[in-house]
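Asks: Provided herewith is a single structure, encoded as structure tokens, for subsequent inquiry.
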Amino acid sequence: MTTEAAIERYRRWVSEQPCANCGKHGPSQVAHYVGLRGQSFGRGTGIKGHWLAETALCPACHLEVDEYQHSDAESRDARRIDRSEMFLYWILRTVMRASDEGVLP
């Protein structure tokens with residue numbers, strides 16, 4: 001069973017990581033998964049998903065992702081798919097790094 005303290009320690013660790021998109025070190029924000037499979041991770045209206053479904057993004061990249069600027073796809077649906085896939089990739093890399101560093105509870 002995961003404790004709140006362990007979850008908070010993980011979130012602090014995530015916020016200290018370089019941006020998952022551009023690699024910039026410095027202030028990062030914990031970005032919660034907002035992709036197509038959000039409900040699978042417990043996301044809902046006003047509810048953030050599972051604590052493992054997050055990654056670090058710098059403020060500029062976080063804004064780009066929120067506004068679909070990260071994708072050059074023409075259709076809105078294609079941009080949504082791009083965002084979802086990129087987010088899952090970033091999350092998986094974050095979880096793998098956390099596992100390698102012994103951060104996960």
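Numbering starts fresh at 1 for the residues of each chain in the structure tokens, the chains themselves are lettered A, B, ... in the order given, and ligands are numbered from 1 as they appear.
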Please provide as an MDAnalysis selection string all residues within 7 Å of Ala53 (chain A), with the sequence filter that same-chain residues fewer than 3 positions apart are discarded (counting only C-alpha atoms).
Replies: chainID A and resid 32:33 49:50 91
Asks: What residues in chain A get the DSSP label helix (DSSP H, G or I)? Please answer as a ChimeraX atom specification.
Replies: /A:4-15,38-41,59-66,76-100
Asks: Among the residues of chain A, find those DSSP assigns to strand (DSSP E or B) from the backbone and print them as number ranges by chain.
Replies: A: 29-32, 44, 47, 54-57
Asks: Just want the 9 Å neighbourhood of Thr55 (chain A), counted on only C-alpha atoms, with same-chain residues fewer than 2 positions away dropped. Output as a list of chain:residue names.
Replies: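 So the residues in contact are A:Arg11, A:Val14, A:Ser15, A:Gln17, A:Cys19, A:Ala20, A:Gln29, A:Val30, A:Ala31, A:His32, A:Tyr33, A:Leu52, A:Ala53, A:Leu57, A:Phe87, A:Trp90, A:Ile91, A:Leu92, A:Arg93, A:Thr94, A:Val95.
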